[in-house]
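Report on one structure; see the data block that follows.
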Amino acid sequence: MNFALTVVALVVLLAIAWRYLGAYMVSVYQGKTKWLRVIEKPIYSIIGVDPEAEQSWQRYSISLIAFSGVAILISYLIFRLQGSLPLNPQHLPGVTPALAWNTAVSFVTNTNWQSYAGETTMSYLSQMGALAVQNFLSASAGIAIAIALIRGFSRKESKTIGNFWVDLVRGTLYVLLPVAFVAAIVFMAQGSLQTLAGPAHIHNILNGAKQTIPRGPVASQEVIKQFGTNGGGFFNANGASPFENPTGLTNLLSIALLLAIPVALTYVFGKMVGSLRQGVTILAVMTIIFASWVAIGTIAEHQPNPAISAAGLTHQPTGNMEGKEVRFGDTSSALYNVASTQTSTGSVDSANDSYNPMGGFATLTGMMLGEVSPGGVGSGLYTILLFAIITVFLSGLMIGRTPEYLGKKIQAKEVKLAALGVLVMPILVLILTAVASALPAGKAGAFNAGPHGFTEILYTFTSTANNNGSAFAGINSNTAFYNIAGSIAMLLGRFAIIIPTLALAGTLAAKNVVPTSLGTLKTDKPIFIGLTIGVIMIVGALTFFPAVSLGPIVEQLSHGKFF
Amino acid sequence: MLVHLRRAILTSLIFFVLLGLAYPLVETAIGQTFFSQTANGSLTSYGSTLIGQKWTGPKWFQGRPDSYNPMASGGTNLGPRSKQLVTDVKKQIALLKKEGITPTPDLVTTSGSGTDPDITPTDAYAQANAVAKARNLPIKVVDQLIAANTHQPQFGFLGSSYINVLQLNLALAKTK
């Protein structure tokens, strides 16, 4: 009953985000919103950008790559040099090269994979000035790509798809910053930390407990980590830490924040292509997949943990509580982790690694479907549009017509680009998992024995190649092998999908619009929802079923066996 | 290419100042002004109410069998078919039984943070008899303490009912 009410509250919050944040974002990316122009205008004049001048898809891509490269370099330098920089009350030394590289790539690609524990690795300057800054900027860049692709559909015979610098600045200033600013205050009121003071040392005379309690500017980073679907925790425990996520309310708000922009972008899409129904269709695809996976995850976590049962406690009315916090309980924890893996967030309020086999299945396979339900900020929308293009192509083959989508003819070039964008991730996951499972350096990372250990490795590369960042966190990934292999997965998983997407935006923008005829496949009808879900499921199942069957599925079936 | 690099560097610097310094510092100022208790870690002279502690002996309510080291936060990450987890839980069950406590799921499992400050009312009532006996208190008084320290789900539906172990034990310490 309480869980049903939690879901209702979430749906209400997301409906508001869809309608109002969506409409606001349309206005922002069309350049109509101007209330922060006192900050916005000087930025353009300093960086030398004419906000009216637009870019071709090639220039848009080069701007993005140059910006991301510089961001990686600056973050890397801050991590390496933090020992001699200010805002380091913990007196932490510089981060080692492989870890600094992995972390810089991780946060710039919106992954937030963490091979480190925040409380013992990162100075406040690294957290505020590198990690949190990239939480904003990688999110804003992701949204920009989605907007550029939408412009590709909505424009006729255009050579340009927008201006990367303007989209980046506007998304950051008008969308991300104001919401984060307000949300951080709510989190502080609920109990989140926000201080520059160093760790606190306590000694309780009643029980003799002595603790060093890490602190820091947590709330300001926590909210953007959710709203930008980044996911990297200030502390190792991430959203399970009471300092990051203190109450049931912050837990719900975290889930709402990480779903808000991906959901609102379907409104933006519908509005900008001139038919809200097209956006609703995409939202329906996302919602059906999301709801199904939430059902799998919450039902699985409401079951007893087999290891606890085997130890003699079979009566577990509150589900699998290993790795979960009392204040959230089983189902709200599962909802959080499923939502965070179906977006590109990857923050956790409970330990994925200790989930029941089918609970782990839900978080793992949610990423394997390409993170389209609703996916990360921007990346969710542009990835599902790649699937939509493949769907109209397959449907066109079935009825023997040249496929069209939103009035644009879908020809060989578009299909090739979409297929490339869809296949990069599975190829990365399967090859890197195979390599890691074959090499001693890869196998050494697994913490649990048996099929669960294999799932840890598979999960690592699924998470990094999807720019998710969640983990079966028992894995020891702070090794040269995992830091480097992971950085390859993160870089290609981000940019080898973005470049074809921007190329697609360019070719679509250059096309004229063909009038709809009787033979045109209607892409705003339930049949298209069904077809798109079918394509997403078939691509996911065909590529990943063998691997998943060696992990969570065999674990689920290993009744009574322990490793 | 050079013009792109120059723009990239300048944009990064501007946002470093705006998002990396101004934003968190303004939030810190707000937190320190209006929420100084929580923004500094919910500290009391007995520790933080948000970070659990190890309570041993039958005179205190105990929390979950976490490590309670906030400098190494996180769960055990033991999987649902882990032999190690079976062994650990068996040990914890035996320990509880020895103390006269009927094991409950939360009292034999570890949390996601490794410093869970809370237990459920069920976990507290399971310990009531043992605590009452050790302190020579009537069981009714202990039960009343538990009831008085139970937090209902937020707004009636968010999350679970819980009891903050530190608060409950402080209330217990004051009871003669």
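Chain labels A, B, ... are given in the sequence in which chains occur in the structure tokens; within each chain residues are numbered consecutively from 1, and ligands are likewise numbered from 1 in the order shown.
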
Checklist entry - Where does DSSP see helix (DSSP H, G or I) in range 7-83 of chain B, if you list the residues as a PyMOL selection string? => result chain B and resi 7-34+36-39+70-72+83

File of the preceding selection, N, CA and C atoms, as a CSV table (one decimal), in the first residue's frame:
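Dumped to out-v1.csv:
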chain,number,residue,atom,x,y,z
B,7,ARG,N,38.0,28.2,-27.0
B,7,ARG,CA,36.6,28.2,-26.4
B,7,ARG,C,36.4,27.2,-25.3
B,8,ALA,N,36.9,26.0,-25.6
B,8,ALA,CA,36.8,24.9,-24.6
B,8,ALA,C,37.4,25.3,-23.3
B,9,ILE,N,38.7,25.8,-23.4
B,9,ILE,CA,39.4,26.2,-22.1
B,9,ILE,C,38.7,27.3,-21.4
B,10,LEU,N,38.3,28.3,-22.1
B,10,LEU,CA,37.6,29.5,-21.5
B,10,LEU,C,36.3,29.1,-20.9
B,11,THR,N,35.5,28.2,-21.6
B,11,THR,CA,34.2,27.8,-21.1
B,11,THR,C,34.4,27.0,-19.8
B,12,SER,N,35.5,26.1,-19.8
B,12,SER,CA,35.7,25.3,-18.6
B,12,SER,C,36.1,26.2,-17.4
B,13,LEU,N,36.9,27.2,-17.7
B,13,LEU,CA,37.3,28.1,-16.6
B,13,LEU,C,36.1,28.8,-16.0
B,14,ILE,N,35.3,29.3,-16.9
B,14,ILE,CA,34.1,30.1,-16.4
B,14,ILE,C,33.2,29.2,-15.6
B,15,PHE,N,33.0,28.0,-16.0
B,15,PHE,CA,32.1,27.1,-15.3
B,15,PHE,C,32.7,26.5,-14.0
B,16,PHE,N,34.1,26.5,-14.0
B,16,PHE,CA,34.8,26.1,-12.8
B,16,PHE,C,34.4,27.1,-11.7
B,17,VAL,N,34.5,28.4,-12.1
B,17,VAL,CA,34.2,29.4,-11.1
B,17,VAL,C,32.7,29.4,-10.7
B,18,LEU,N,31.8,29.3,-11.7
B,18,LEU,CA,30.4,29.4,-11.5
B,18,LEU,C,29.8,28.2,-10.8
B,19,LEU,N,30.2,27.0,-11.3
B,19,LEU,CA,29.5,25.8,-10.8
B,19,LEU,C,30.4,25.1,-9.7
B,20,GLY,N,31.7,25.3,-9.8
B,20,GLY,CA,32.6,24.6,-8.9
B,20,GLY,C,32.9,25.4,-7.6
B,21,LEU,N,32.8,26.7,-7.7
B,21,LEU,CA,33.0,27.5,-6.5
B,21,LEU,C,31.8,28.3,-6.1
B,22,ALA,N,31.2,29.1,-7.0
B,22,ALA,CA,30.1,30.0,-6.5
B,22,ALA,C,28.9,29.1,-6.0
B,23,TYR,N,28.5,28.2,-6.9
B,23,TYR,CA,27.3,27.4,-6.5
B,23,TYR,C,27.5,26.7,-5.2
B,24,PRO,N,28.5,25.8,-5.0
B,24,PRO,CA,28.6,25.1,-3.7
B,24,PRO,C,28.8,26.1,-2.5
B,25,LEU,N,29.5,27.2,-2.7
B,25,LEU,CA,29.8,28.1,-1.6
B,25,LEU,C,28.5,28.8,-1.2
B,26,VAL,N,27.7,29.2,-2.2
B,26,VAL,CA,26.5,29.9,-1.8
B,26,VAL,C,25.6,28.9,-1.1
B,27,GLU,N,25.5,27.6,-1.6
B,27,GLU,CA,24.7,26.6,-0.9
B,27,GLU,C,25.2,26.4,0.6
B,28,THR,N,26.6,26.4,0.7
B,28,THR,CA,27.2,26.2,2.0
B,28,THR,C,26.7,27.3,2.9
B,29,ALA,N,26.8,28.5,2.4
B,29,ALA,CA,26.4,29.7,3.2
B,29,ALA,C,24.9,29.5,3.7
B,30,ILE,N,24.0,29.1,2.7
B,30,ILE,CA,22.6,28.9,3.1
B,30,ILE,C,22.5,27.8,4.1
B,31,GLY,N,23.2,26.7,3.9
B,31,GLY,CA,23.1,25.6,4.9
B,31,GLY,C,23.6,26.0,6.3
B,32,GLN,N,24.7,26.7,6.3
B,32,GLN,CA,25.3,27.1,7.6
B,32,GLN,C,24.4,28.1,8.3
B,33,THR,N,23.7,28.9,7.5
B,33,THR,CA,22.8,29.9,8.1
B,33,THR,C,21.5,29.3,8.6
B,34,PHE,N,20.9,28.5,7.8
B,34,PHE,CA,19.5,28.1,8.1
B,34,PHE,C,19.4,26.6,8.7
B,36,SER,N,22.2,24.8,10.2
B,36,SER,CA,23.5,24.5,10.7
B,36,SER,C,23.7,23.1,11.4
B,37,GLN,N,22.6,22.7,12.1
B,37,GLN,CA,22.7,21.4,12.7
B,37,GLN,C,22.9,20.3,11.7
B,38,THR,N,22.0,20.2,10.8
B,38,THR,CA,22.1,19.1,9.8
B,38,THR,C,23.2,19.3,8.8
B,39,ALA,N,23.4,20.5,8.4
B,39,ALA,CA,24.5,20.8,7.4
B,39,ALA,C,25.9,20.4,7.9
B,70,PRO,N,32.5,4.9,9.3
B,70,PRO,CA,32.1,5.8,8.2
B,70,PRO,C,33.2,6.2,7.3
B,71,MET,N,34.4,5.9,7.6
B,71,MET,CA,35.5,6.2,6.7
B,71,MET,C,35.7,5.1,5.7
B,72,ALA,N,34.9,4.1,5.8
B,72,ALA,CA,34.9,3.0,4.8
B,72,ALA,C,33.5,2.6,4.6
B,83,LYS,N,28.6,-18.3,0.2
B,83,LYS,CA,28.9,-19.1,1.4
B,83,LYS,C,29.3,-18.3,2.6

Checklist entry - Closest to Thr76 in chain B among A:Ser68, A:Asn320, A:Asn352, A:Ser75, using only C-alpha atoms? => result A:Asn352

Item to check | Long-range neighbours of range 358-374 of chain A as a ChimeraX atom specification, 8 Å cut-off, only C-alpha atoms, 4 positions minimum in chain | outcome: /A:259,262-263,283,285-287,289-290,293-294,296-298,300-301,334,337-338,341-344,352-353,379-381,383-384,422,425-426,459,462-463,466,468,536-537,539-540,544,548,552-553,556

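Pairwise distance (CA of Gly421 in chain A, CA of Ile261 in chain A) equals 21.6 Å.
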
Checklist entry - How many Å lie between CA of Ala496 in chain A and CA of Met122 in chain A, rounded to one decimal? => result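 Atom-to-atom, CA of Ala496 in chain A and CA of Met122 in chain A are spaced 29.5 Å apart.
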
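Pairwise distance (CA of Leu518 in chain A, CA of Ile288 in chain A) equals 28.6 Å.
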
Item to check | Contacts of Leu502 in chain A at 8 Å (only C-alpha atoms; same-chain gap of 5+ positions) as a ChimeraX atom specification | outcome: /A:57-58,60-61,145,148-149

Item to check | Nearest to chain A, chosen from B:Leu95, B:Ala132, B:Leu107, B:Ala126, with only C-alpha atoms counted in the distances | outcome: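 Answer, going by the shortest atom-to-atom distance: B:Leu107.
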
Next on the checklist: Which residues are close to Leu5 in chain A, i.e. within 12 Å by only C-alpha atoms, leaving aside same-chain residues fewer than 5 positions away? Reply as JSON, numbers by chain.
Outcome noted: {"A": [10, 11, 12, 252, 332], "B": [153, 154, 155, 156, 157, 158, 159]}

Checklist entry - Counting only C-alpha atoms, what is within 8 Å of Gly469 in chain A, bar same-chain residues fewer than 5 positions away, as an MDAnalysis selection string? => result chainID A and resid 106 111:114 230:232 344:347 463:464

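Nearest-residue note for Thr115 in chain B: choosing from A:Ile213, A:Val28, A:Val38, A:Leu196, the minimum distance belongs to A:Ile213, counting only C-alpha atoms.
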
Item to check | Sel. of strand (DSSP E or B) residues, range 27-140 of chain B, as an MDAnalysis selection string | outcome: chainID B and resid 43:44 47:48 118:119

Checklist entry - Restricting the calculation to only C-alpha atoms, which member of A:Thr160, A:Thr391, A:Asn207, A:Thr266 is positioned closest to chain B? => result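 Checking each of A:Thr160, A:Thr391, A:Asn207, A:Thr266 against chain B, counting only C-alpha atoms, the winner is A:Asn207.
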
Ser192 in chain A environment, 6 Å, only C-alpha atoms, sequence neighbours closer than 5 positions dropped, as a PDB file with all heavy atoms, in the first residue's frame:
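Contents of part-v6.pdb, as written:
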ATOM      1  N   PHE A 187      17.259  19.199   0.331  1.00  0.00           N
ATOM      2  CA  PHE A 187      18.077  18.109   0.861  1.00  0.00           C
ATOM      3  C   PHE A 187      18.742  18.506   2.183  1.00  0.00           C
ATOM      4  O   PHE A 187      18.832  17.706   3.102  1.00  0.00           O
ATOM      5  CB  PHE A 187      19.122  17.667  -0.174  1.00  0.00           C
ATOM      6  CG  PHE A 187      18.619  16.593  -1.106  1.00  0.00           C
ATOM      7  CD1 PHE A 187      17.551  16.847  -1.949  1.00  0.00           C
ATOM      8  CD2 PHE A 187      19.193  15.329  -1.126  1.00  0.00           C
ATOM      9  CE1 PHE A 187      17.062  15.861  -2.800  1.00  0.00           C
ATOM     10  CE2 PHE A 187      18.710  14.334  -1.975  1.00  0.00           C
ATOM     11  CZ  PHE A 187      17.643  14.606  -2.809  1.00  0.00           C
ATOM     12  N   ALA A 219      25.269  18.187  -0.201  1.00  0.00           N
ATOM     13  CA  ALA A 219      23.943  18.404  -0.789  1.00  0.00           C
ATOM     14  C   ALA A 219      24.039  19.014  -2.185  1.00  0.00           C
ATOM     15  O   ALA A 219      23.334  18.594  -3.110  1.00  0.00           O
ATOM     16  CB  ALA A 219      23.107  19.299   0.119  1.00  0.00           C
ATOM     17  N   PHE A 243      24.026  10.731   4.981  1.00  0.00           N
ATOM     18  CA  PHE A 243      24.416  12.118   4.722  1.00  0.00           C
ATOM     19  C   PHE A 243      24.038  12.551   3.307  1.00  0.00           C
ATOM     20  O   PHE A 243      23.870  13.729   3.034  1.00  0.00           O
ATOM     21  CB  PHE A 243      25.918  12.298   4.909  1.00  0.00           C
ATOM     22  CG  PHE A 243      26.340  12.394   6.357  1.00  0.00           C
ATOM     23  CD1 PHE A 243      27.613  12.007   6.740  1.00  0.00           C
ATOM     24  CD2 PHE A 243      25.480  12.888   7.320  1.00  0.00           C
ATOM     25  CE1 PHE A 243      28.010  12.108   8.067  1.00  0.00           C
ATOM     26  CE2 PHE A 243      25.863  12.989   8.651  1.00  0.00           C
ATOM     27  CZ  PHE A 243      27.138  12.598   9.029  1.00  0.00           C
ATOM     28  N   GLU A 244      23.968  11.598   2.382  1.00  0.00           N
ATOM     29  CA  GLU A 244      23.575  11.945   1.018  1.00  0.00           C
ATOM     30  C   GLU A 244      22.067  11.868   0.848  1.00  0.00           C
ATOM     31  O   GLU A 244      21.459  12.674   0.155  1.00  0.00           O
ATOM     32  CB  GLU A 244      24.240  10.990   0.017  1.00  0.00           C
ATOM     33  CG  GLU A 244      25.752  11.129  -0.057  1.00  0.00           C
ATOM     34  CD  GLU A 244      26.355  10.484  -1.299  1.00  0.00           C
ATOM     35  OE1 GLU A 244      25.623  10.214  -2.265  1.00  0.00           O
ATOM     36  OE2 GLU A 244      27.569  10.252  -1.297  1.00  0.00           O
TER      37      GLU A 244
END

Checklist entry - Taking only C-alpha atoms into account, which of B:Thr150, B:Thr175, B:Gln62, B:Ser42 comes nearest chain A? => result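 The answer is B:Ser42, which sits nearest to chain A.
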
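For the residues A:Ser354, A:Ser115, A:Asn88, A:Gln127, ranking by smallest atom-to-atom distance to chain B using only C-alpha atoms places A:Ser354 first.
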